[in-house]
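S.K.: entry_34.cif is reproduced in full below (mmCIF, C-alpha atoms and all ligand atoms).
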data_data
#
loop_
_atom_site.label_atom_id
_atom_site.label_comp_id
_atom_site.auth_asym_id
_atom_site.auth_seq_id
_atom_site.Cartn_x
_atom_site.Cartn_y
_atom_site.Cartn_z
CA MET J 12 13.54 24.44 -10.18
CA GLN J 13 13.62 27.92 -8.75
CA THR J 14 11.30 28.51 -5.81
CA ASN J 15 9.99 31.74 -4.31
CA PHE J 16 9.16 31.07 -0.70
CA THR J 17 9.67 33.93 1.75
CA GLU J 18 12.00 33.58 4.72
CA VAL J 19 8.98 33.50 7.01
CA GLN J 20 7.47 30.65 5.01
CA LEU J 21 10.73 28.71 5.12
CA ARG J 22 10.66 28.75 8.93
CA ASP J 23 7.80 26.24 8.64
CA PRO J 24 9.59 22.85 8.65
CA GLU J 25 7.02 21.34 6.24
CA ILE J 26 7.58 24.16 3.74
CA ALA J 27 11.35 23.88 4.19
CA VAL J 28 11.22 20.18 3.21
CA SER J 29 8.95 20.81 0.22
CA ASN J 30 11.18 23.67 -0.88
CA GLN J 31 14.18 21.32 -1.03
CA ILE J 32 12.15 18.75 -2.96
CA LEU J 33 10.92 21.33 -5.45
CA ARG J 34 14.42 22.68 -5.98
CA SER J 35 15.68 19.21 -6.89
CA CYS J 36 13.27 18.94 -9.86
CA VAL J 37 14.86 19.96 -13.15
CA HIS J 38 11.58 19.89 -15.17
CA CYS J 39 12.97 17.23 -17.49
CA GLY J 40 9.60 15.46 -17.73
CA MET J 41 11.05 11.95 -17.81
CA CYS J 42 8.60 10.99 -15.06
CA THR J 43 5.64 11.65 -17.34
CA ALA J 44 6.54 8.58 -19.42
CA THR J 45 5.81 6.18 -16.56
CA CYS J 46 2.93 7.99 -14.85
CA PRO J 47 -0.29 5.94 -15.16
CA THR J 48 -2.63 8.93 -15.05
CA PHE J 49 -0.67 10.78 -17.73
CA LEU J 50 -0.68 7.64 -19.87
CA LEU J 51 -4.47 7.40 -19.59
CA LEU J 52 -5.50 11.05 -19.56
CA GLY J 53 -2.70 12.72 -21.55
CA ASP J 54 -3.01 15.95 -19.54
CA GLU J 55 0.24 17.50 -18.27
CA LEU J 56 -1.60 18.44 -15.06
CA ASP J 57 -2.21 14.72 -14.49
CA SER J 58 1.53 14.02 -14.71
CA PRO J 59 4.06 14.26 -11.88
CA ARG J 60 5.65 17.37 -13.38
CA GLY J 61 2.28 19.07 -13.79
CA ARG J 62 1.26 18.22 -10.24
CA ILE J 63 4.60 19.48 -8.95
CA TYR J 64 3.91 22.87 -10.59
CA LEU J 65 0.41 22.99 -9.14
CA ILE J 66 1.66 22.12 -5.66
CA LYS J 67 4.53 24.63 -5.91
CA ASP J 68 2.16 27.42 -6.86
CA MET J 69 -0.33 26.54 -4.12
CA LEU J 70 2.31 26.40 -1.39
CA GLU J 71 4.23 29.49 -2.54
CA GLN J 72 1.06 31.59 -2.64
CA ALA J 73 0.00 30.10 0.71
CA ARG J 74 -3.51 29.95 -0.64
CA PRO J 75 -6.31 27.50 -0.03
CA ALA J 76 -6.41 24.59 -2.45
CA THR J 77 -8.52 25.23 -5.53
CA GLU J 78 -10.90 22.79 -7.16
CA GLU J 79 -8.38 22.38 -10.02
CA VAL J 80 -5.49 21.47 -7.70
CA VAL J 81 -7.67 19.06 -5.75
CA ARG J 82 -8.88 17.35 -8.94
CA HIS J 83 -5.38 16.68 -10.23
CA VAL J 84 -3.84 15.74 -6.88
CA ASP J 85 -6.79 13.44 -6.11
CA ARG J 86 -6.20 11.66 -9.40
CA CYS J 87 -2.62 10.83 -8.35
CA LEU J 88 -2.39 7.19 -7.27
CA SER J 89 0.68 7.76 -5.07
CA CYS J 90 2.07 4.79 -6.98
CA LEU J 91 5.51 6.46 -6.91
CA SER J 92 6.42 5.20 -10.36
CA CYS J 93 7.65 8.76 -10.98
CA MET J 94 10.18 8.40 -8.15
CA THR J 95 11.67 5.29 -9.71
CA THR J 96 11.98 7.08 -13.06
CA CYS J 97 13.20 10.47 -11.85
CA PRO J 98 16.95 10.92 -12.50
CA SER J 99 17.17 13.79 -10.00
CA GLY J 100 15.92 11.93 -6.94
CA VAL J 101 12.84 14.14 -6.45
CA ASN J 102 10.97 12.89 -3.38
CA TYR J 103 7.51 13.22 -4.90
CA MET J 104 6.03 11.11 -2.07
CA HIS J 105 6.80 13.66 0.64
CA LEU J 106 5.71 16.54 -1.62
CA VAL J 107 2.33 15.06 -2.49
CA ASP J 108 1.82 14.03 1.15
CA HIS J 109 2.36 17.66 2.15
CA ALA J 110 -0.04 18.84 -0.58
CA ARG J 111 -2.72 16.43 0.65
CA VAL J 112 -2.43 17.74 4.20
CA HIS J 113 -2.73 21.32 2.88
CA ILE J 114 -5.80 20.33 0.82
CA GLU J 115 -7.40 18.63 3.79
CA LYS J 116 -6.91 21.79 5.88
CA THR J 117 -7.99 24.37 3.32
CA TYR J 118 -10.52 22.80 0.95
CA ARG J 119 -14.15 21.93 1.71
CA ARG J 120 -15.22 18.96 -0.38
CA PRO J 121 -18.83 18.32 -1.46
CA TRP J 122 -20.93 16.61 1.22
CA HIS J 123 -20.92 13.18 -0.44
CA GLU J 124 -17.12 13.18 -0.69
CA ARG J 125 -16.81 14.14 2.95
CA LEU J 126 -19.24 11.39 3.86
CA LEU J 127 -17.34 8.79 1.81
CA ARG J 128 -13.94 9.81 3.15
CA ASN J 129 -15.18 9.94 6.76
CA THR J 130 -16.79 6.52 6.38
CA LEU J 131 -13.67 4.94 4.86
CA ALA J 132 -11.44 6.53 7.50
CA ALA J 133 -13.70 5.21 10.27
CA VAL J 134 -14.39 1.72 8.91
CA LEU J 135 -11.32 0.43 7.05
CA PRO J 136 -8.81 0.56 9.92
CA ARG J 137 -11.21 -1.24 12.30
CA PRO J 138 -11.53 -4.95 11.51
CA GLY J 139 -14.79 -5.38 13.46
CA LEU J 140 -16.52 -2.51 11.68
CA LEU J 141 -15.11 -3.55 8.30
CA ARG J 142 -16.46 -7.07 8.74
CA LEU J 143 -19.92 -5.68 9.44
CA ALA J 144 -19.73 -3.27 6.49
CA LEU J 145 -18.61 -6.03 4.11
CA ALA J 146 -21.39 -8.33 5.28
CA GLY J 147 -23.89 -5.57 4.41
CA ALA J 148 -22.17 -4.87 1.08
CA LYS J 149 -22.32 -8.57 0.22
CA LEU J 150 -26.11 -8.53 0.59
CA ALA J 151 -26.40 -5.37 -1.53
CA ARG J 152 -23.86 -6.51 -4.15
CA PRO J 153 -26.36 -8.18 -6.54
CA PHE J 154 -28.19 -4.85 -6.80
CA SER J 155 -25.10 -2.79 -7.71
CA ARG J 156 -26.02 -2.73 -11.41
CA LEU J 157 -29.42 -1.27 -10.54
CA ILE J 158 -27.82 1.96 -9.30
CA PRO J 159 -28.79 4.46 -11.99
CA GLY J 160 -26.67 7.13 -13.69
CA GLN J 161 -23.02 7.85 -14.35
CA SER J 162 -22.52 10.52 -11.70
CA ARG J 163 -19.43 10.28 -9.52
CA LEU J 164 -21.67 9.33 -6.60
CA ALA J 165 -23.30 6.48 -8.55
CA ASN J 166 -19.96 5.23 -9.89
CA ARG J 167 -18.47 5.18 -6.42
CA ALA J 168 -21.44 3.37 -4.92
CA ARG J 169 -21.23 0.72 -7.67
CA ALA J 170 -17.43 0.39 -7.22
CA MET J 171 -17.81 -0.13 -3.48
CA LEU J 172 -20.40 -2.87 -3.87
CA GLN J 173 -18.54 -4.61 -6.69
CA LEU J 174 -15.28 -4.63 -4.73
CA ALA J 175 -16.95 -6.27 -1.74
CA PRO J 176 -16.00 -9.96 -1.75
CA ALA J 177 -18.75 -12.45 -2.59
CA SER J 178 -17.78 -14.46 0.48
CA LEU J 179 -15.83 -13.47 3.53
CA PRO J 180 -13.56 -15.83 5.48
CA GLY J 181 -14.20 -16.15 9.20
CA PRO J 182 -11.81 -14.61 11.74
CA SER J 183 -8.48 -16.38 12.04
CA PRO J 184 -8.21 -18.91 14.89
CA ILE J 185 -4.72 -17.55 15.55
CA GLY J 186 -5.67 -13.88 15.22
CA GLY J 187 -5.15 -11.27 17.92
CA ALA J 188 -2.17 -10.24 19.98
CA ARG J 189 0.01 -13.17 21.03
CA VAL J 190 3.47 -14.69 20.78
CA HIS J 191 3.92 -17.50 18.26
CA ALA J 192 6.80 -19.64 19.46
CA ALA J 193 9.61 -20.65 17.13
CA GLN J 194 9.84 -24.32 16.21
CA GLY J 195 13.13 -25.92 17.21
CA THR J 196 16.05 -23.69 18.07
CA ARG J 197 15.06 -20.05 18.06
CA ARG J 198 16.99 -18.16 15.37
CA GLY J 199 15.31 -14.81 15.69
CA ARG J 200 12.40 -12.76 16.99
CA VAL J 201 10.23 -10.42 14.94
CA ALA J 202 7.08 -8.36 15.32
CA LEU J 203 4.47 -8.92 12.64
CA LEU J 204 2.22 -6.05 11.59
CA ALA J 205 -1.10 -7.89 11.60
CA GLY J 206 -2.73 -4.97 9.78
CA CYS J 207 -6.36 -4.00 9.62
CA ALA J 208 -8.32 -4.65 6.39
CA GLN J 209 -6.11 -7.58 5.41
CA GLN J 210 -6.99 -9.66 8.48
CA VAL J 211 -10.65 -9.41 7.48
CA LEU J 212 -10.29 -9.89 3.72
CA SER J 213 -7.67 -12.63 3.82
CA PRO J 214 -6.61 -13.88 7.26
CA SER J 215 -4.72 -16.73 5.57
CA ILE J 216 -1.94 -14.27 4.65
CA ASN J 217 -0.99 -13.70 8.28
CA GLU J 218 -1.49 -17.40 9.05
CA SER J 219 0.92 -18.36 6.25
CA THR J 220 3.45 -15.77 7.38
CA ILE J 221 3.37 -16.98 10.98
CA ARG J 222 3.53 -20.68 9.98
CA LEU J 223 6.44 -20.12 7.64
CA LEU J 224 8.46 -17.96 10.01
CA THR J 225 7.94 -20.12 13.09
CA ARG J 226 8.88 -23.20 11.06
CA LEU J 227 12.09 -21.42 10.13
CA GLY J 228 12.87 -20.91 13.83
CA ILE J 229 11.60 -17.35 14.17
CA GLU J 230 9.47 -16.27 17.12
CA VAL J 231 6.65 -14.05 15.85
CA VAL J 232 5.08 -11.45 18.10
CA VAL J 233 1.78 -9.83 17.22
CA ALA J 234 2.11 -7.00 19.72
CA LYS J 235 -0.76 -5.88 21.93
CA GLY J 236 -1.94 -2.42 20.89
CA ALA J 237 -0.47 -2.52 17.39
CA GLY J 238 -3.00 -1.98 14.60
CA CYS J 239 -3.45 -0.04 11.39
CA CYS J 240 -0.18 1.48 10.14
CA GLY J 241 -1.93 4.79 9.44
CA ALA J 242 -1.57 4.65 5.64
CA LEU J 243 -5.29 4.81 4.89
CA VAL J 244 -5.79 8.17 6.59
CA HIS J 245 -2.28 9.38 5.73
CA HIS J 246 -3.11 9.21 2.02
CA MET J 247 -6.26 11.26 2.68
CA GLY J 248 -4.11 14.06 4.11
CA ARG J 249 -5.32 13.38 7.66
CA HIS J 250 -2.03 13.93 9.37
CA ASP J 251 -3.03 13.73 13.03
CA PRO J 252 -5.06 10.49 12.82
CA ALA J 253 -2.19 8.97 10.83
CA LEU J 254 0.27 9.95 13.54
CA ASP J 255 -2.06 8.54 16.22
CA ALA J 256 -2.18 5.17 14.45
CA ALA J 257 1.59 5.15 13.98
CA ARG J 258 2.13 6.18 17.60
CA ALA J 259 0.13 3.18 18.84
CA ASN J 260 2.42 0.91 16.81
CA LEU J 261 5.55 2.64 18.08
CA THR J 262 4.37 2.11 21.66
CA ALA J 263 3.46 -1.54 21.06
CA TRP J 264 6.65 -2.44 19.19
CA GLY J 265 8.74 -0.28 21.53
CA ARG J 266 7.56 -2.45 24.43
CA GLU J 267 8.71 -5.56 22.56
CA LEU J 268 12.02 -3.93 21.64
CA ASP J 269 12.66 -3.18 25.30
CA ASN J 270 11.51 -6.63 26.51
CA GLY J 271 13.08 -9.35 24.44
CA GLY J 272 14.27 -7.32 21.47
CA LEU J 273 13.28 -7.57 17.82
CA ASP J 274 15.34 -8.43 14.76
CA ALA J 275 12.77 -6.94 12.42
CA VAL J 276 9.27 -5.60 12.09
CA VAL J 277 7.89 -7.84 9.36
CA ILE J 278 5.17 -6.53 7.08
CA ASN J 279 3.28 -8.55 4.49
CA THR J 280 1.21 -5.72 2.99
CA SER J 281 3.58 -3.58 0.98
CA GLY J 282 1.35 -0.51 1.11
CA CYS J 283 1.73 -0.57 4.90
CA GLY J 284 5.45 -1.35 4.65
CA THR J 285 6.11 1.82 2.67
CA VAL J 286 4.49 3.94 5.38
CA VAL J 287 6.13 2.15 8.34
CA LYS J 288 9.50 2.64 6.64
CA ASP J 289 8.62 6.36 6.56
CA TYR J 290 7.78 6.65 10.29
CA GLY J 291 11.25 8.10 10.88
CA PHE J 292 10.42 10.98 8.54
CA LEU J 293 6.87 11.44 9.82
CA PHE J 294 8.07 11.82 13.42
CA ARG J 295 11.30 13.70 12.62
CA ASP J 296 10.32 16.75 14.71
CA LEU J 297 8.32 14.93 17.38
CA PRO J 298 9.34 13.44 20.73
CA GLU J 299 9.02 9.90 19.33
CA ARG J 300 11.64 10.57 16.64
CA ASP J 301 14.26 8.10 17.93
CA ARG J 302 11.79 5.27 18.37
CA ALA J 303 10.26 5.98 14.97
CA ALA J 304 13.68 5.95 13.30
CA GLN J 305 14.48 2.67 15.05
CA VAL J 306 11.22 1.06 13.89
CA SER J 307 11.65 2.32 10.33
CA ALA J 308 15.13 0.86 10.22
CA LEU J 309 13.78 -2.51 11.41
CA ALA J 310 10.78 -2.59 9.04
CA MET J 311 11.10 -5.25 6.35
CA ASP J 312 8.81 -6.72 3.77
CA ILE J 313 8.29 -10.45 4.38
CA THR J 314 10.21 -11.28 1.18
CA GLU J 315 13.09 -9.06 2.28
CA TYR J 316 13.24 -10.86 5.62
CA LEU J 317 12.97 -14.34 4.10
CA SER J 318 15.77 -13.50 1.67
CA ARG J 319 17.88 -12.49 4.63
CA ILE J 320 17.30 -15.55 6.82
CA GLY J 321 17.17 -18.07 3.95
CA TYR J 322 14.25 -19.97 2.49
CA ALA J 323 14.17 -23.48 1.07
CA PRO J 324 11.15 -25.51 -0.08
CA THR J 325 10.52 -28.91 1.46
CA ARG J 326 8.27 -30.31 -1.24
CA ALA J 327 8.36 -30.39 -5.01
CA ALA J 328 6.32 -27.63 -6.60
CA PRO J 329 3.49 -28.52 -8.96
CA GLU J 330 4.07 -27.34 -12.50
CA LEU J 331 2.44 -23.96 -12.17
CA THR J 332 3.14 -20.71 -13.97
CA VAL J 333 2.90 -17.78 -11.61
CA ALA J 334 2.39 -14.29 -13.01
CA TYR J 335 4.12 -12.09 -10.47
CA HIS J 336 2.47 -8.69 -10.08
CA SER J 337 4.85 -6.25 -8.47
CA ALA J 338 2.81 -3.92 -6.24
CA CYS J 339 3.78 -0.27 -6.71
CA SER J 340 4.39 0.13 -3.00
CA LEU J 341 6.89 -2.73 -3.18
CA GLN J 342 8.71 -1.92 -6.42
CA HIS J 343 8.53 1.89 -6.30
CA GLY J 344 7.84 2.66 -2.63
CA GLN J 345 10.40 0.22 -1.23
CA GLN J 346 12.50 -0.54 -4.32
CA ILE J 347 12.02 -4.28 -3.77
CA ARG J 348 11.86 -6.03 -7.13
CA ASN J 349 13.92 -9.19 -7.21
CA GLU J 350 13.38 -10.83 -3.83
CA PRO J 351 9.76 -12.00 -4.37
CA LYS J 352 10.53 -13.41 -7.83
CA ALA J 353 13.71 -15.10 -6.63
CA LEU J 354 11.85 -16.71 -3.71
CA LEU J 355 9.01 -17.95 -5.93
CA SER J 356 11.53 -19.43 -8.36
CA ARG J 357 13.40 -21.01 -5.45
CA ALA J 358 10.09 -22.52 -4.33
CA GLY J 359 9.88 -24.22 -7.72
CA PHE J 360 7.33 -22.13 -9.62
CA ARG J 361 7.76 -20.89 -13.16
CA VAL J 362 7.62 -17.12 -12.71
CA VAL J 363 6.56 -14.79 -15.51
CA GLU J 364 6.44 -11.03 -15.47
CA PRO J 365 3.59 -9.31 -17.31
CA GLY J 366 4.30 -6.39 -19.62
CA GLU J 367 4.05 -2.84 -18.26
CA GLY J 368 4.98 -4.19 -14.84
CA HIS J 369 5.80 -0.68 -13.62
CA ILE J 370 2.21 0.56 -14.16
CA CYS J 371 -0.23 0.55 -11.25
CA CYS J 372 -3.24 -1.83 -11.21
CA GLY J 373 -5.50 0.96 -9.93
CA SER J 374 -5.90 -0.30 -6.37
CA ALA J 375 -3.73 2.26 -4.53
CA GLY J 376 -5.31 2.07 -1.08
CA THR J 377 -8.77 3.60 -1.35
CA TYR J 378 -8.16 4.96 -4.86
CA ASN J 379 -10.38 2.34 -6.53
CA LEU J 380 -13.25 3.60 -4.36
CA MET J 381 -12.51 7.30 -4.79
CA GLN J 382 -11.59 7.28 -8.50
CA PRO J 383 -13.43 4.23 -9.83
CA GLU J 384 -13.31 5.25 -13.50
CA ILE J 385 -9.50 5.55 -13.71
CA ALA J 386 -9.03 2.53 -11.44
CA ALA J 387 -11.24 0.39 -13.69
CA GLN J 388 -9.22 1.36 -16.79
CA LEU J 389 -5.96 0.51 -15.03
CA ARG J 390 -7.39 -2.82 -13.87
CA GLU J 391 -8.39 -3.81 -17.39
CA ARG J 392 -4.98 -2.80 -18.74
CA LYS J 393 -3.19 -4.73 -16.02
CA LEU J 394 -5.35 -7.83 -16.42
CA GLY J 395 -4.76 -7.77 -20.19
CA ASN J 396 -1.01 -7.81 -19.62
CA ILE J 397 -1.26 -10.52 -16.98
CA LEU J 398 -3.54 -12.82 -18.97
CA ALA J 399 -1.26 -12.47 -22.01
CA THR J 400 1.40 -14.45 -20.09
CA LYS J 401 -1.07 -17.37 -19.84
CA PRO J 402 -0.45 -17.97 -16.13
CA ASP J 403 -2.09 -20.51 -13.83
CA LEU J 404 -2.30 -17.98 -11.03
CA LEU J 405 -1.36 -14.48 -9.99
CA ALA J 406 0.87 -13.68 -7.02
CA ALA J 407 1.42 -10.30 -5.37
CA GLY J 408 2.58 -8.96 -2.02
CA ASN J 409 -0.22 -6.51 -1.32
CA ILE J 410 -3.84 -7.24 -0.37
CA GLY J 411 -5.06 -4.14 -2.22
CA CYS J 412 -3.72 -5.44 -5.56
CA LEU J 413 -5.05 -8.93 -4.88
CA THR J 414 -8.54 -7.55 -4.25
CA GLN J 415 -8.38 -5.24 -7.27
CA LEU J 416 -7.27 -8.03 -9.62
CA SER J 417 -9.56 -10.76 -8.33
CA GLY J 418 -12.74 -11.82 -10.11
CA ALA J 419 -11.14 -12.24 -13.54
CA GLY J 420 -11.12 -16.04 -13.47
CA LEU J 421 -7.48 -16.20 -12.34
CA PRO J 422 -6.66 -17.32 -8.78
CA THR J 423 -4.97 -14.53 -6.83
CA VAL J 424 -2.61 -15.52 -4.03
CA HIS J 425 -0.21 -13.68 -1.76
CA THR J 426 3.44 -14.56 -2.43
CA VAL J 427 3.91 -15.75 1.15
CA GLU J 428 1.02 -18.23 0.83
CA LEU J 429 2.85 -19.95 -2.04
CA LEU J 430 6.15 -19.96 -0.16
CA ASP J 431 4.46 -21.42 2.92
CA TRP J 432 2.72 -24.08 0.81
CA MET J 433 6.02 -25.27 -0.67
CA ALA J 434 7.61 -25.31 2.78
CA GLY J 435 4.99 -27.61 4.30
CA GLY J 436 1.93 -25.39 4.72
CA PRO J 437 -1.52 -26.04 3.27
CA LYS J 438 -2.42 -25.39 -0.34
CA PRO J 439 -3.79 -21.83 -0.67
CA GLU J 440 -7.57 -21.94 -0.70
CA ALA J 441 -7.75 -19.81 -3.87
CA LEU J 442 -6.12 -22.69 -5.75
CA GLY J 443 -8.99 -25.04 -4.97
S1 LIG Y 501 2.65 8.87 -7.91
FE1 LIG Y 501 2.02 7.71 -9.74
S2 LIG Y 501 0.10 8.70 -10.41
FE2 LIG Y 501 1.10 10.11 -8.98
S3 LIG Y 501 2.30 11.48 -10.24
FE3 LIG Y 501 3.70 9.81 -9.64
S4 LIG Y 501 3.56 8.30 -11.28
FE4 LIG Y 501 1.80 9.69 -11.52
S1 LIG Y 502 11.72 13.27 -13.74
FE1 LIG Y 502 12.20 14.20 -11.79
S2 LIG Y 502 13.36 16.04 -12.29
FE2 LIG Y 502 12.33 15.39 -14.17
S3 LIG Y 502 10.38 16.55 -14.14
FE3 LIG Y 502 9.96 14.56 -13.21
S4 LIG Y 502 10.23 14.95 -11.01
FE4 LIG Y 502 11.22 16.68 -12.09
#
Go ahead and express the file in the form of structure tokens.
Ligand code: SF4
Ligand code: SF4
M.R.:
Amino acid sequence: MQTNFTEVQLRDPEIAVSNQILRSCVHCGMCTATCPTFLLLGDELDSPRGRIYLIKDMLEQARPATEEVVRHVDRCLSCLSCMTTCPSGVNYMHLVDHARVHIEKTYRRPWHERLLRNTLAAVLPRPGLLRLALAGAKLARPFSRLIPGQSRLANRARAMLQLAPASLPGPSPIGGARVHAAQGTRRGRVALLAGCAQQVLSPSINESTIRLLTRLGIEVVVAKGAGCCGALVHHMGRHDPALDAARANLTAWGRELDNGGLDAVVINTSGCGTVVKDYGFLFRDLPERDRAAQVSALAMDITEYLSRIGYAPTRAAPELTVAYHSACSLQHGQQIRNEPKALLSRAGFRVVEPGEGHICCGSAGTYNLMQPEIAAQLRERKLGNILATKPDLLAAGNIGCLTQLSGAGLPTVHTVELLDWMAGGPKPEALG
């Protein structure tokens, strides 16, 4: 694709990167075939190619974002299905990230959107605040259907209350920063990203991860000062808060790297994993660039790490059919497709893959709160495909997907909880 940036514009490193990305697109449109929003809405401007044109025009003209650009970019899930499909290697992720930062700087959203985005940015990354907010939402949940109207505001309020879990687990007894010693001879040492929202919504995921790894002889460090990966605000175009969150992790993990070393930074929420693997790019022009590149190189999804060190079950699996839902951030963001399925099969489960596995479930970070109508359609479509496989349970490697797909009468469990169970851990609570 030909671009028309001036030499002065190209001196801006962000523009220079986007220029290279835009020039690699050959307008072939193959990406439209696998884009969830194009499938649902049928509008070229809600396809990757259409959004690329909108972003190109906005950046070339160096003009503030218009309502039209914001509408179509906001509808993008950042599922990155288009990157998997694209034959030209277009890095849509970095392009849309740049567009979101430009939108955030140049576009004033209506008051209720600003309020919602500010609230989500303040609450979600802070486990204490999130716990309080969810306790309140739980009380208000029965009244969600009484919210009148079909306005965006009403739909969002209903979506927020309906997504709030009916019951919330208590804080994990092994939560917080600490070192979890390896059992037996120590074979390795990793840092675990304990995350933010996940430790409130499902602390058993970290517990399973720690149990399984320590049983396999791996020392697990939950580093002091590490917290949210920054993804939640990053996807809102809030560049500086995202960098601040990432910086805290670089400092915390850097300390561990310098004192004891780390074989990997293990992540069990694939949405976070995609962003941590991108720290090297995010900090490419900043003083922390070397540390960020080091951390990105060490970042591994839990299934990637288990595949590397070896996993074997210690008990016979019950005859259960597991529908494996491949989170977009895992299959498209990190190109990890086979490891989770291979591990679940190794654990003894019958693994089935629902149709349209490449299509997003509608979770996408805070997307199901910001775009509840599209997210609900994607959820129904995904659940239809999953239930058609007649599974006993659903497994996925991302808390966002598990939350989005819960409540349909099918137990939803993180992959690592099943692997831990078959290697001597407790039966996942969701299985009764
Ligand atoms: S990231 Fe997903 S929703 Fe966005 S343009 Fe690409 S395929 Fe479509
Ligand atoms: S598939 Fe790739 S090259 Fe083709 S239009 Fe989409 S982004 Fe551009």
S.K.: Leaving out stretch 68-84 of chain J and any residue of its chain fewer than 4 positions from it, which residues lie within 7 Å of it when counting all atoms listed in the file, given as a list in words?
M.R.: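 Residues meeting the cut-off are Asn15, Phe16, Leu56, Asp57, Arg62, Tyr64, Ile114, Thr117 and Tyr118 of chain J.
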S.K.: Compile the contact shell of J:Ala327 as number ranges by chain: residues with an atom at most 10 Å away, counting only C-alpha atoms, same-chain residues fewer than 4 positions apart removed.
M.R.: J: 358-360, 433-434
S.K.: List the neighbours of J:Leu179 out to 9 Å using all atoms listed in the file; skip same-chain residues closer than 6 positions along the sequence, and give me the result as an NGL selection string.
M.R.: :J and (142 or 145-146 or 149 or 211-213)
S.K.: May I ask for the distance between atom CA of J:Ala310 and atom CA of J:Gly284, given in Å to one decimal place?
M.R.: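 Interatomic distance here is 7.0 Å.
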S.K.: Can you list every residue of chain J that has an atom at most 10 Å from ligand LIG 502 (chain Y), with its nearest atom pair and the distance in Å to one decimal, using all atoms listed in the file, ordered by chain then number, as JSON lines?
M.R.:
{"residue": "J:Met12", "atom": "CA", "partner": "Y:LIG502", "partner_atom": "FE4", "distance": 8.3}
{"residue": "J:Ile32", "atom": "CA", "partner": "Y:LIG502", "partner_atom": "S4", "distance": 9.1}
{"residue": "J:Leu33", "atom": "CA", "partner": "Y:LIG502", "partner_atom": "FE4", "distance": 8.1}
{"residue": "J:Arg34", "atom": "CA", "partner": "Y:LIG502", "partner_atom": "FE4", "distance": 9.1}
{"residue": "J:Ser35", "atom": "CA", "partner": "Y:LIG502", "partner_atom": "S2", "distance": 6.7}
{"residue": "J:Cys36", "atom": "CA", "partner": "Y:LIG502", "partner_atom": "FE4", "distance": 3.8}
{"residue": "J:Val37", "atom": "CA", "partner": "Y:LIG502", "partner_atom": "S2", "distance": 4.3}
{"residue": "J:His38", "atom": "CA", "partner": "Y:LIG502", "partner_atom": "S3", "distance": 3.7}
{"residue": "J:Cys39", "atom": "CA", "partner": "Y:LIG502", "partner_atom": "FE2", "distance": 3.8}
{"residue": "J:Gly40", "atom": "CA", "partner": "Y:LIG502", "partner_atom": "S3", "distance": 3.8}
{"residue": "J:Met41", "atom": "CA", "partner": "Y:LIG502", "partner_atom": "S1", "distance": 4.3}
{"residue": "J:Cys42", "atom": "CA", "partner": "Y:LIG502", "partner_atom": "S1", "distance": 4.1}
{"residue": "J:Thr43", "atom": "CA", "partner": "Y:LIG502", "partner_atom": "FE3", "distance": 6.6}
{"residue": "J:Ala44", "atom": "CA", "partner": "Y:LIG502", "partner_atom": "S1", "distance": 9.0}
{"residue": "J:Thr45", "atom": "CA", "partner": "Y:LIG502", "partner_atom": "S1", "distance": 9.7}
{"residue": "J:Cys46", "atom": "CA", "partner": "Y:LIG502", "partner_atom": "FE3", "distance": 9.8}
{"residue": "J:Ser58", "atom": "CA", "partner": "Y:LIG502", "partner_atom": "FE3", "distance": 8.6}
{"residue": "J:Pro59", "atom": "CA", "partner": "Y:LIG502", "partner_atom": "FE3", "distance": 6.1}
{"residue": "J:Arg60", "atom": "CA", "partner": "Y:LIG502", "partner_atom": "S3", "distance": 4.9}
{"residue": "J:Gly61", "atom": "CA", "partner": "Y:LIG502", "partner_atom": "S3", "distance": 8.5}
{"residue": "J:Arg62", "atom": "CA", "partner": "Y:LIG502", "partner_atom": "S4", "distance": 9.6}
{"residue": "J:Ile63", "atom": "CA", "partner": "Y:LIG502", "partner_atom": "S4", "distance": 7.5}
{"residue": "J:Tyr64", "atom": "CA", "partner": "Y:LIG502", "partner_atom": "FE4", "distance": 9.7}
{"residue": "J:Cys93", "atom": "CA", "partner": "Y:LIG502", "partner_atom": "FE3", "distance": 6.6}
{"residue": "J:Met94", "atom": "CA", "partner": "Y:LIG502", "partner_atom": "FE1", "distance": 7.1}
{"residue": "J:Thr95", "atom": "CA", "partner": "Y:LIG502", "partner_atom": "S1", "distance": 8.9}
{"residue": "J:Thr96", "atom": "CA", "partner": "Y:LIG502", "partner_atom": "S1", "distance": 6.2}
{"residue": "J:Cys97", "atom": "CA", "partner": "Y:LIG502", "partner_atom": "S1", "distance": 3.7}
{"residue": "J:Pro98", "atom": "CA", "partner": "Y:LIG502", "partner_atom": "FE1", "distance": 5.8}
{"residue": "J:Ser99", "atom": "CA", "partner": "Y:LIG502", "partner_atom": "S2", "distance": 5.0}
{"residue": "J:Gly100", "atom": "CA", "partner": "Y:LIG502", "partner_atom": "FE1", "distance": 6.5}
{"residue": "J:Val101", "atom": "CA", "partner": "Y:LIG502", "partner_atom": "S4", "distance": 5.3}
{"residue": "J:Asn102", "atom": "CA", "partner": "Y:LIG502", "partner_atom": "S4", "distance": 7.9}
{"residue": "J:Tyr103", "atom": "CA", "partner": "Y:LIG502", "partner_atom": "S4", "distance": 6.9}
S.K.: With a cut-off of 6 Å, could you pull out the residues of stretch 129-199 of chain J touching stretch 231-234 of chain J and give me the nearest pair of atoms for each, distance in Å to one decimal, using all atoms listed in the file, ordered by chain and ascending number, as a tab-separated table?
M.R.:
residue	atom	partner	partner_atom	distance
J:Ala188	CA	J:Val233	CA	4.8
J:Arg189	CA	J:Val233	CA	5.4
J:Val190	CA	J:Val232	CA	4.5
J:His191	CA	J:Val231	CA	5.0
